[in-house]
Amino acid sequence: MLEAYLITLTGVVLAQAAPGPNLLAVASAGLGQGRRAALMTVMGVATGMMIWAVAVAFGLAAVLAIYPKLLTAMKIAGGAYLLWLALRALLSAWRGGQPSIGAHRAALTAGAAWRRGLLVVLTNPKAALMWTAVGTFLFGSGLVAWQVVVFGPLAALSAMAVYGSYAFLFSSGFAGRAYARFARWIEAAFGLAFGALGGRLLFDGVREMRAP
């Protein structure tokens, strides 16, 4: 279980650090509203991640109990999706370019900022696909539903650490320059980590499909 957690958490942390809707929501709140709004947006994102973990754990567990062989197909599909994400990230790191992050100027209360972070992560199709792939990897590693649920707070804590750092960064004056300096390296690390995770899932799925 620990090995599966560490492998998955590495990929999730790098996905959180890489550019995406969650990061944009936190960064725009920090630039436009300041540190308090950005941190409340982070809390919303972290809450959403725990909800995804519970939904994926029990949703996949119920489906796999009825169709146990579906896990092999999901490994292949999830591995291919993660490899696609990895390729996009590596291409983005290779090409470079400035991240398109703007300030959110409309006034945000603490509750509104929290809801904004929550809705961003819950309504993001990429988050749904990524969490399905994560659940597939954890179930494929032999974990059961409650162990997948336990991964949720770990992902939420990493979200608070990663996005919290971004909240402090983007509510400060040197945000744009500092982020632009490291964005390509973050994208490259994310691509490599998800490439390894996707490759393992795809390999396991193909091997199981060909087994007698």
# chains A, B, ... in the order shown; residues from 1 in each chain; ligands from 1

$ residues_around --residues "stretch 201-207 of chain A" --least-positions-apart "3" --cutoff "12 Å" --atoms "only C-alpha atoms" --output "ChimeraX atom specification"
/A:4,7-8,69-84,133-141,194-198,210-212

$ residues_around --residues "stretch 55-61 of chain A" --least-positions-apart "2" --cutoff "6 Å" --atoms "only C-alpha atoms" --output "list in words"
Trp52, Ala53, Val63, Leu64, Ala145, Val148 and Val149 of chain A

$ residues_around --residues "A:Pro153" --least-positions-apart "3" --cutoff "9 Å" --atoms "only C-alpha atoms" --output "ChimeraX atom specification"
/A:46-47,49-50,53,149-150,156-158

$ write_last_selection --atoms "C-alpha atoms" --output "CSV table (one decimal), in the first residue's frame"
chain,number,residue,atom,x,y,z
A,46,ALA,CA,-8.4,20.6,-1.2
A,47,THR,CA,-12.0,19.8,-0.2
A,49,MET,CA,-10.0,16.5,-3.9
A,50,MET,CA,-11.3,14.6,-0.9
A,53,ALA,CA,-11.3,10.4,-3.7
A,149,VAL,CA,-10.4,6.8,0.3
A,150,VAL,CA,-7.4,7.3,2.7
A,156,ALA,CA,-5.7,17.3,-0.1
A,157,LEU,CA,-2.7,17.9,2.2
A,158,SER,CA,-0.4,18.0,-0.8

$ closest_residue --among "A:Leu14, A:Ala25, A:Leu87, A:Ala127" --to "A:Gly48" --atoms "only C-alpha atoms"
A:Ala127

$ closest_residue --among "A:Leu119, A:Leu108, A:Ala159, A:Leu2" --to "A:Ala18" --atoms "only C-alpha atoms"
A:Ala159

$ closest_residue --among "A:Val144, A:Ala188, A:Arg95, A:Val45" --to "A:Thr123" --atoms "only C-alpha atoms"
A:Val45

$ atom_distance --atom1 "atom CA of A:Tyr163" --atom2 "atom CA of A:Val42"
5.9 Å

$ closest_residue --among "A:Pro68, A:Ser171, A:Gln16, A:Val54" --to "A:Gln147" --atoms "only C-alpha atoms"
A:Val54

$ select_by_dssp --residues "chain A" --states "alpha helix (DSSP H)" --output "number ranges by chain"
A: 2-17, 21-33, 35-66, 70-95, 110-122, 125-140, 145-170, 175-210

$ atom_distance --atom1 "atom CA of A:Met1" --atom2 "atom CA of A:Phe151"
10.1 Å
